[in-house]
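Coordinates from final20.cif are shown below (mmCIF, C-alpha atoms and all ligand atoms).
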```cif
data_protein
loop_
_atom_site.label_atom_id
_atom_site.label_comp_id
_atom_site.auth_asym_id
_atom_site.auth_seq_id
_atom_site.Cartn_x
_atom_site.Cartn_y
_atom_site.Cartn_z
CA MET P 260 -156.64 42.89 168.72
CA PHE P 261 -153.26 41.21 168.97
CA GLU P 262 -154.47 37.77 167.82
CA ASN P 263 -152.32 37.86 164.70
CA ILE P 264 -149.20 38.04 166.87
CA ASP P 265 -150.28 34.88 168.68
CA LYS P 266 -151.30 33.18 165.43
CA ALA P 267 -147.96 33.95 163.79
CA TYR P 268 -146.06 32.87 166.90
CA GLU P 269 -147.96 29.61 167.15
CA TYR P 270 -147.34 28.82 163.48
CA ILE P 271 -143.60 29.51 163.84
CA ARG P 272 -143.49 27.22 166.87
CA THR P 273 -144.88 24.39 164.74
CA VAL P 274 -141.82 24.83 162.49
CA THR P 275 -139.00 25.62 164.93
CA ASP P 276 -138.29 26.13 168.61
CA PHE P 277 -135.49 28.59 167.73
CA LYS P 278 -135.13 31.37 170.32
CA PRO P 279 -133.43 34.42 168.79
CA GLU P 280 -131.42 36.58 171.17
CA ILE P 281 -130.87 39.29 168.60
CA ALA P 282 -132.82 40.24 165.49
CA VAL P 283 -131.62 42.29 162.54
CA THR P 284 -134.04 43.87 160.08
CA LEU P 285 -132.47 44.15 156.65
CA GLY P 286 -133.69 47.11 154.61
CA SER P 287 -134.01 47.76 150.87
CA GLY P 288 -131.25 46.05 148.90
CA LEU P 289 -129.64 44.66 152.08
CA GLY P 290 -131.53 41.34 152.18
CA ASP P 291 -128.52 39.40 150.91
CA VAL P 292 -126.52 40.26 154.02
CA ALA P 293 -127.64 36.93 155.51
CA ASP P 294 -126.42 34.92 152.49
CA GLU P 295 -123.60 32.43 153.11
CA ILE P 296 -124.48 32.19 156.80
CA GLU P 297 -125.47 28.66 157.67
CA GLU P 298 -129.18 28.60 158.31
CA VAL P 299 -130.92 26.85 161.15
CA CYS P 300 -134.31 27.50 159.60
CA ALA P 301 -135.97 30.00 157.25
CA ILE P 302 -139.65 30.84 157.12
CA ASN P 303 -141.33 32.84 154.35
CA TYR P 304 -143.61 35.57 155.65
CA ARG P 305 -146.30 34.48 153.20
CA ASP P 306 -146.51 31.09 154.95
CA ILE P 307 -147.18 32.65 158.35
CA PRO P 308 -150.89 33.12 159.07
CA GLY P 309 -151.85 36.74 159.69
CA PHE P 310 -148.40 38.02 158.75
CA PRO P 311 -147.96 41.16 156.61
CA VAL P 312 -146.08 40.48 153.35
CA SER P 313 -143.92 43.05 151.57
CA THR P 314 -144.77 44.02 148.01
CA VAL P 315 -141.59 46.04 147.45
CA ALA P 316 -138.81 45.08 145.02
CA GLY P 317 -135.59 44.44 146.96
CA HIS P 318 -137.40 42.94 149.96
CA ARG P 319 -137.22 39.14 150.10
CA GLY P 320 -139.85 38.49 152.70
CA ARG P 321 -138.62 35.85 155.13
CA PHE P 322 -137.19 35.16 158.54
CA PHE P 323 -133.74 33.63 158.46
CA PHE P 324 -132.68 32.02 161.73
CA CYS P 325 -129.03 31.18 162.29
CA ARG P 326 -126.23 30.86 164.83
CA ILE P 327 -123.37 33.34 164.76
CA ASN P 328 -120.49 32.82 167.18
CA GLY P 329 -122.68 30.90 169.57
CA LYS P 330 -125.49 33.48 169.45
CA ASN P 331 -128.97 32.83 168.10
CA ALA P 332 -129.75 35.48 165.51
CA ALA P 333 -132.84 36.19 163.44
CA PHE P 334 -132.61 38.18 160.23
CA MET P 335 -135.70 39.77 158.76
CA GLN P 336 -135.01 39.75 155.03
CA GLY P 337 -137.47 42.47 154.17
CA ARG P 338 -140.10 44.38 156.09
CA VAL P 339 -143.48 45.91 155.38
CA HIS P 340 -144.04 49.64 155.20
CA TYR P 341 -146.87 51.98 156.07
CA TYR P 342 -146.99 53.18 152.44
CA GLU P 343 -147.90 49.68 151.27
CA GLY P 344 -151.29 50.30 152.83
CA TYR P 345 -150.78 48.34 156.04
CA PRO P 346 -151.96 50.12 159.18
CA ILE P 347 -148.82 51.29 160.96
CA LYS P 348 -149.63 48.92 163.81
CA GLU P 349 -149.30 45.99 161.47
CA THR P 350 -145.85 47.06 160.28
CA VAL P 351 -144.55 46.36 163.80
CA LEU P 352 -146.18 42.94 164.15
CA PRO P 353 -143.05 41.03 163.02
CA LEU P 354 -140.85 42.46 165.73
CA ARG P 355 -143.47 41.75 168.38
CA VAL P 356 -143.46 38.15 167.18
CA LEU P 357 -139.66 38.11 167.48
CA HIS P 358 -139.97 39.50 171.00
CA LYS P 359 -142.46 36.77 171.86
CA MET P 360 -139.92 34.23 170.55
CA GLY P 361 -137.44 35.51 173.12
CA CYS P 362 -135.56 38.26 171.28
CA LYS P 363 -134.03 40.95 173.52
CA THR P 364 -132.20 43.18 171.04
CA LEU P 365 -133.22 44.61 167.69
CA MET P 366 -130.87 46.13 165.14
CA LEU P 367 -132.64 47.99 162.35
CA THR P 368 -131.14 48.81 158.98
CA ASN P 369 -132.56 50.78 156.09
CA ALA P 370 -131.74 52.66 152.95
CA ALA P 371 -132.20 56.39 153.44
CA GLY P 372 -131.74 59.71 151.73
CA GLY P 373 -129.04 61.97 153.15
CA VAL P 374 -130.35 65.32 154.36
CA ASN P 375 -127.12 66.49 155.98
CA PHE P 376 -124.84 68.25 153.47
CA ASN P 377 -121.82 66.54 155.05
CA PHE P 378 -123.12 63.16 153.89
CA SER P 379 -122.48 61.47 150.54
CA ALA P 380 -124.04 58.53 148.73
CA GLY P 381 -122.62 55.32 150.20
CA ASP P 382 -122.13 56.66 153.74
CA LEU P 383 -123.27 54.60 156.71
CA MET P 384 -125.08 56.48 159.46
CA LEU P 385 -125.47 55.23 162.99
CA ILE P 386 -128.99 56.26 164.08
CA ARG P 387 -128.70 58.20 167.29
CA ASP P 388 -132.34 59.27 167.51
CA HIS P 389 -135.37 59.69 165.31
CA ILE P 390 -138.28 61.96 164.42
CA SER P 391 -141.41 59.91 163.85
CA CYS P 392 -144.21 62.37 164.52
CA PHE P 393 -145.05 62.82 160.82
CA VAL P 394 -146.44 59.28 160.74
CA PRO P 395 -148.95 57.87 163.23
CA SER P 396 -147.56 56.13 166.29
CA PRO P 397 -147.67 52.31 166.03
CA LEU P 398 -148.72 52.36 169.70
CA ILE P 399 -152.10 54.05 169.07
CA GLY P 400 -155.07 51.90 170.08
CA GLU P 401 -155.38 49.24 172.71
CA ASN P 402 -152.10 49.04 174.60
CA TYR P 403 -149.97 46.03 173.71
CA PRO P 404 -149.78 44.44 177.14
CA GLU P 405 -146.01 43.83 177.03
CA GLY P 406 -145.42 47.57 177.53
CA THR P 407 -146.77 50.56 179.40
CA ARG P 408 -149.35 52.97 177.98
CA PHE P 409 -147.02 55.98 177.96
CA PRO P 410 -143.57 54.60 177.18
CA ASP P 411 -140.42 56.66 177.60
CA MET P 412 -138.61 57.28 174.30
CA SER P 413 -135.46 58.95 175.59
CA ASN P 414 -133.14 56.03 174.77
CA VAL P 415 -134.73 54.33 171.74
CA TYR P 416 -131.31 53.77 170.17
CA ASP P 417 -129.63 52.40 173.25
CA THR P 418 -126.58 54.47 174.18
CA LYS P 419 -124.47 51.44 175.12
CA LEU P 420 -125.31 49.65 171.89
CA CYS P 421 -124.47 52.82 169.95
CA ASP P 422 -121.07 52.94 171.71
CA MET P 423 -120.48 49.30 170.84
CA ILE P 424 -121.41 49.81 167.16
CA ARG P 425 -119.20 52.91 167.00
CA SER P 426 -116.17 51.10 168.43
CA THR P 427 -116.77 48.00 166.30
CA ALA P 428 -116.92 50.10 163.14
CA ALA P 429 -113.64 51.78 164.16
CA GLU P 430 -112.00 48.38 164.74
CA LEU P 431 -113.10 47.25 161.28
CA GLY P 432 -111.94 50.49 159.67
CA ILE P 433 -115.51 51.29 158.62
CA SER P 434 -116.28 54.98 158.59
CA LEU P 435 -119.53 55.72 160.35
CA LYS P 436 -121.49 58.97 160.26
CA GLU P 437 -124.08 59.61 162.96
CA GLY P 438 -127.36 61.37 163.06
CA VAL P 439 -131.11 61.65 163.41
CA TYR P 440 -133.38 59.62 161.14
CA MET P 441 -136.74 61.02 160.15
CA GLN P 442 -139.52 58.66 159.10
CA LEU P 443 -142.02 60.02 156.59
CA SER P 444 -144.89 58.07 155.08
CA GLY P 445 -143.66 57.74 151.47
CA PRO P 446 -144.09 56.20 148.95
CA ASN P 447 -143.21 59.41 147.13
CA TYR P 448 -139.80 60.84 147.81
CA GLU P 449 -139.81 64.30 149.38
CA THR P 450 -139.87 67.59 147.56
CA PRO P 451 -136.77 69.80 147.93
CA ALA P 452 -138.83 72.07 150.22
CA GLU P 453 -139.71 69.11 152.43
CA VAL P 454 -136.06 68.08 152.57
CA ARG P 455 -135.18 71.61 153.74
CA MET P 456 -137.89 71.26 156.38
CA CYS P 457 -136.43 67.93 157.53
CA ARG P 458 -133.00 69.53 157.87
CA LEU P 459 -134.37 72.53 159.76
CA LEU P 460 -136.12 70.17 162.16
CA GLY P 461 -132.87 68.39 162.91
CA ALA P 462 -132.92 65.36 160.62
CA ASP P 463 -129.76 64.02 159.00
CA ALA P 464 -131.42 61.28 156.96
CA VAL P 465 -134.93 60.57 155.76
CA GLY P 466 -136.70 57.31 155.02
CA MET P 467 -139.95 55.40 155.10
CA SER P 468 -139.46 52.83 157.87
CA THR P 469 -137.54 52.04 161.06
CA ALA P 470 -138.67 54.68 163.58
CA CYS P 471 -142.05 53.00 164.14
CA GLU P 472 -140.34 49.62 164.54
CA ALA P 473 -137.79 51.02 166.99
CA MET P 474 -140.60 52.55 169.06
CA ALA P 475 -142.58 49.33 169.19
CA ALA P 476 -139.44 47.37 170.09
CA VAL P 477 -138.62 49.66 172.98
CA HIS P 478 -142.25 49.61 174.08
CA CYS P 479 -142.20 45.84 174.48
CA GLY P 480 -138.87 45.86 176.31
CA MET P 481 -136.28 45.22 173.64
CA LYS P 482 -133.12 47.25 173.30
CA GLY P 483 -132.92 49.01 169.94
CA CYS P 484 -130.20 50.28 167.65
CA GLY P 485 -129.87 50.93 163.96
CA ALA P 486 -127.96 52.17 160.97
CA SER P 487 -128.91 53.77 157.66
CA CYS P 488 -127.22 53.20 154.35
CA ILE P 489 -127.28 56.63 152.75
CA THR P 490 -128.00 55.63 149.18
CA HIS P 491 -128.15 59.18 147.79
CA LEU P 492 -128.57 62.75 148.88
CA ALA P 493 -132.25 63.65 149.32
CA ALA P 494 -134.29 65.60 146.77
CA GLY P 495 -132.96 68.99 145.74
CA MET P 496 -129.47 68.31 147.09
CA SER P 497 -128.08 67.01 143.81
CA ILE P 498 -129.23 67.36 140.22
CA LYS P 499 -130.04 63.67 139.83
CA PRO P 500 -133.70 62.59 140.10
CA LEU P 501 -134.24 59.90 142.78
CA SER P 502 -135.03 56.32 141.84
CA HIS P 503 -135.60 53.10 143.75
CA ASP P 504 -133.22 51.34 141.35
CA GLU P 505 -130.42 53.64 142.47
CA VAL P 506 -131.34 53.02 146.12
CA LYS P 507 -131.03 49.26 145.54
CA GLU P 508 -127.84 49.62 143.52
CA ILE P 509 -125.97 51.59 146.21
CA ALA P 510 -127.35 49.40 148.99
CA ASP P 511 -126.08 46.38 147.02
CA ILE P 512 -122.60 47.88 146.77
CA LYS P 513 -122.52 48.69 150.50
CA ALA P 514 -124.02 45.36 151.61
CA PRO P 515 -120.68 43.53 152.18
CA GLN P 516 -119.42 46.29 154.49
CA ILE P 517 -122.73 46.42 156.36
CA LYS P 518 -122.61 42.65 156.68
CA ARG P 519 -119.15 42.77 158.28
CA LEU P 520 -120.33 45.38 160.74
CA ILE P 521 -123.51 43.48 161.63
CA LEU P 522 -121.74 40.13 162.09
CA GLU P 523 -119.05 41.66 164.27
CA CYS P 524 -121.67 43.48 166.37
CA ILE P 525 -123.69 40.30 166.84
CA LYS P 526 -120.66 38.74 168.55
CA LYS P 527 -120.73 41.58 171.08
CA PHE P 528 -124.44 42.07 171.72
N1 LIG E 1 -136.43 59.71 151.01
C1 LIG E 1 -137.23 58.87 151.66
N2 LIG E 1 -137.00 57.57 151.75
C2 LIG E 1 -135.89 57.08 151.19
C3 LIG E 1 -135.01 57.91 150.50
C4 LIG E 1 -135.31 59.31 150.41
O1 LIG E 1 -134.58 60.11 149.80
N3 LIG E 1 -134.01 57.11 150.06
C5 LIG E 1 -134.27 55.85 150.46
N4 LIG E 1 -135.42 55.82 151.16
#
```

Take the structure I supplied and represent it as structure tokens, if you would.
Amino acid sequence: MFENIDKAYEYIRTVTDFKPEIAVTLGSGLGDVADEIEEVCAINYRDIPGFPVSTVAGHRGRFFFCRINGKNAAFMQGRVHYYEGYPIKETVLPLRVLHKMGCKTLMLTNAAGGVNFNFSAGDLMLIRDHISCFVPSPLIGENYPEGTRFPDMSNVYDTKLCDMIRSTAAELGISLKEGVYMQLSGPNYETPAEVRMCRLLGADAVGMSTACEAMAAVHCGMKGCGASCITHLAAGMSIKPLSHDEVKEIADIKAPQIKRLILECIKKF
């Protein structure tokens, strides 16, 4: 059942004995955040046996291992999504591999549509909590033995890490919104009626990733946190039709600021 985790782990150990303390998943258009950091080792997902490989433009598809201020950090430059046809369980395989490598903390980033009318394109949103019950739980099926069968989800986005990210953003002069992220299956964007539903249910941003990964991370004992790059307001909230090109374009523009925030946070994790 979980053989692919072992297979991937064993392959990585033939390449490097790197033990990440913190891992950062870089979402759509944010893959370049790791550029210019001196690499210890990089491994393409496609070279790892049993590893899911992203088919989405804007996702590079590799692990990038490096040292930042004396800390071992792993960047995931790209992730796989449920809408690509992978069972949701498989979308969380990479972070279980990172956990097996020794990682204790996971920071998730993504590009998301703003559902809250107080948000604008280009805002950064600290994820305080999520709604994931519109996609299947990645924990369905045989229990991954690193965690309990019925895991508590009351602190998925660790309060202390959220405080630290908040204060770091303030120190850097980066304005940070906060809110609840809702994961839907995609790949289609929502209808305006669905966006109204998301808002009524308490979501501030909507996207197609992240919540399942955060749940699996917490299940296996990692501390989680995350931030969304609000690349546009969700469907029906502006007159512009949504496009993945626009998502990548805004994420690209925001990437340097997100990079500063991530690097500064890594020093404090
Ligand atoms: N909806 C869902 N997923 C997204 C969006 C959106 O508006 N923007 C970026 N990812």

Which of these, P:Ala452, P:Val374, P:Leu354, P:Ile433, has the shortest distance to ligand LIG 1 (chain E) once you count only C-alpha atoms and all ligand atoms?
P:Val374

If you count all atoms listed in the file, which residues end up within 6 Å of ligand LIG 1 (chain E), as an MDAnalysis selection string?
chainID P and resid 370:372 448:449 465:467 493 506

For the selection you just gave me, I'd like the residues written to a file as a PDB file, in the frame of the given file, keeping C-alpha atoms.
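The new file again33.pdb reads:
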```pdb
ATOM      1  CA  ALA P 370    -131.740  52.660 152.950  1.00  0.00           C
ATOM      2  CA  ALA P 371    -132.200  56.390 153.440  1.00  0.00           C
ATOM      3  CA  GLY P 372    -131.740  59.710 151.730  1.00  0.00           C
ATOM      4  CA  TYR P 448    -139.800  60.840 147.810  1.00  0.00           C
ATOM      5  CA  GLU P 449    -139.810  64.300 149.380  1.00  0.00           C
ATOM      6  CA  VAL P 465    -134.930  60.570 155.760  1.00  0.00           C
ATOM      7  CA  GLY P 466    -136.700  57.310 155.020  1.00  0.00           C
ATOM      8  CA  MET P 467    -139.950  55.400 155.100  1.00  0.00           C
ATOM      9  CA  ALA P 493    -132.250  63.650 149.320  1.00  0.00           C
ATOM     10  CA  VAL P 506    -131.340  53.020 146.120  1.00  0.00           C
TER      11      VAL P 506
END
```

Here's a test: counting all atoms listed in the file, identify every protein, DNA and RNA residue with an atom at most 6 Å from (-130.9, 34.8, 168.5) in the file's coordinate frame, and state them as a PyMOL selection string.
chain P and resi 278-281+330-333

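Candidate residues P:Asn375, P:Thr364, P:Ser434, P:Thr314 were compared for distance to Val415 of chain P, and the nearest is P:Thr364, using only C-alpha atoms.
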
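Between atom CA of Phe378 of chain P and atom CA of Asn414 of chain P the interatomic distance comes to 24.2 Å.
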
With a distance cut-off of 7 Å and only C-alpha atoms, select the neighbouring residues of Cys471 of chain P, excluding the residue or stretch itself and same-chain residues fewer than 6 positions from it, and output the selection as a ChimeraX atom specification.
/P:391,396-397

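For the atom pair formed by atom CA of Ala267 of chain P and atom CA of Phe322 of chain P, the distance is 12.0 Å, given to one decimal.
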
Would you pick out the contacts of segment 348-350 of chain P at 8 Å or less, using only C-alpha atoms, so that residues sharing its chain but fewer than 5 positions from it are not included, and give the list as a PyMOL selection string?
chain P and resi 311+338-341+396-399+472

Near-Lys436 of chain P list (10 Å; only C-alpha atoms; drop same-chain fewer than 6 positions) as a ChimeraX atom specification:
/P:377-378,382-386,425,463,486-487,489
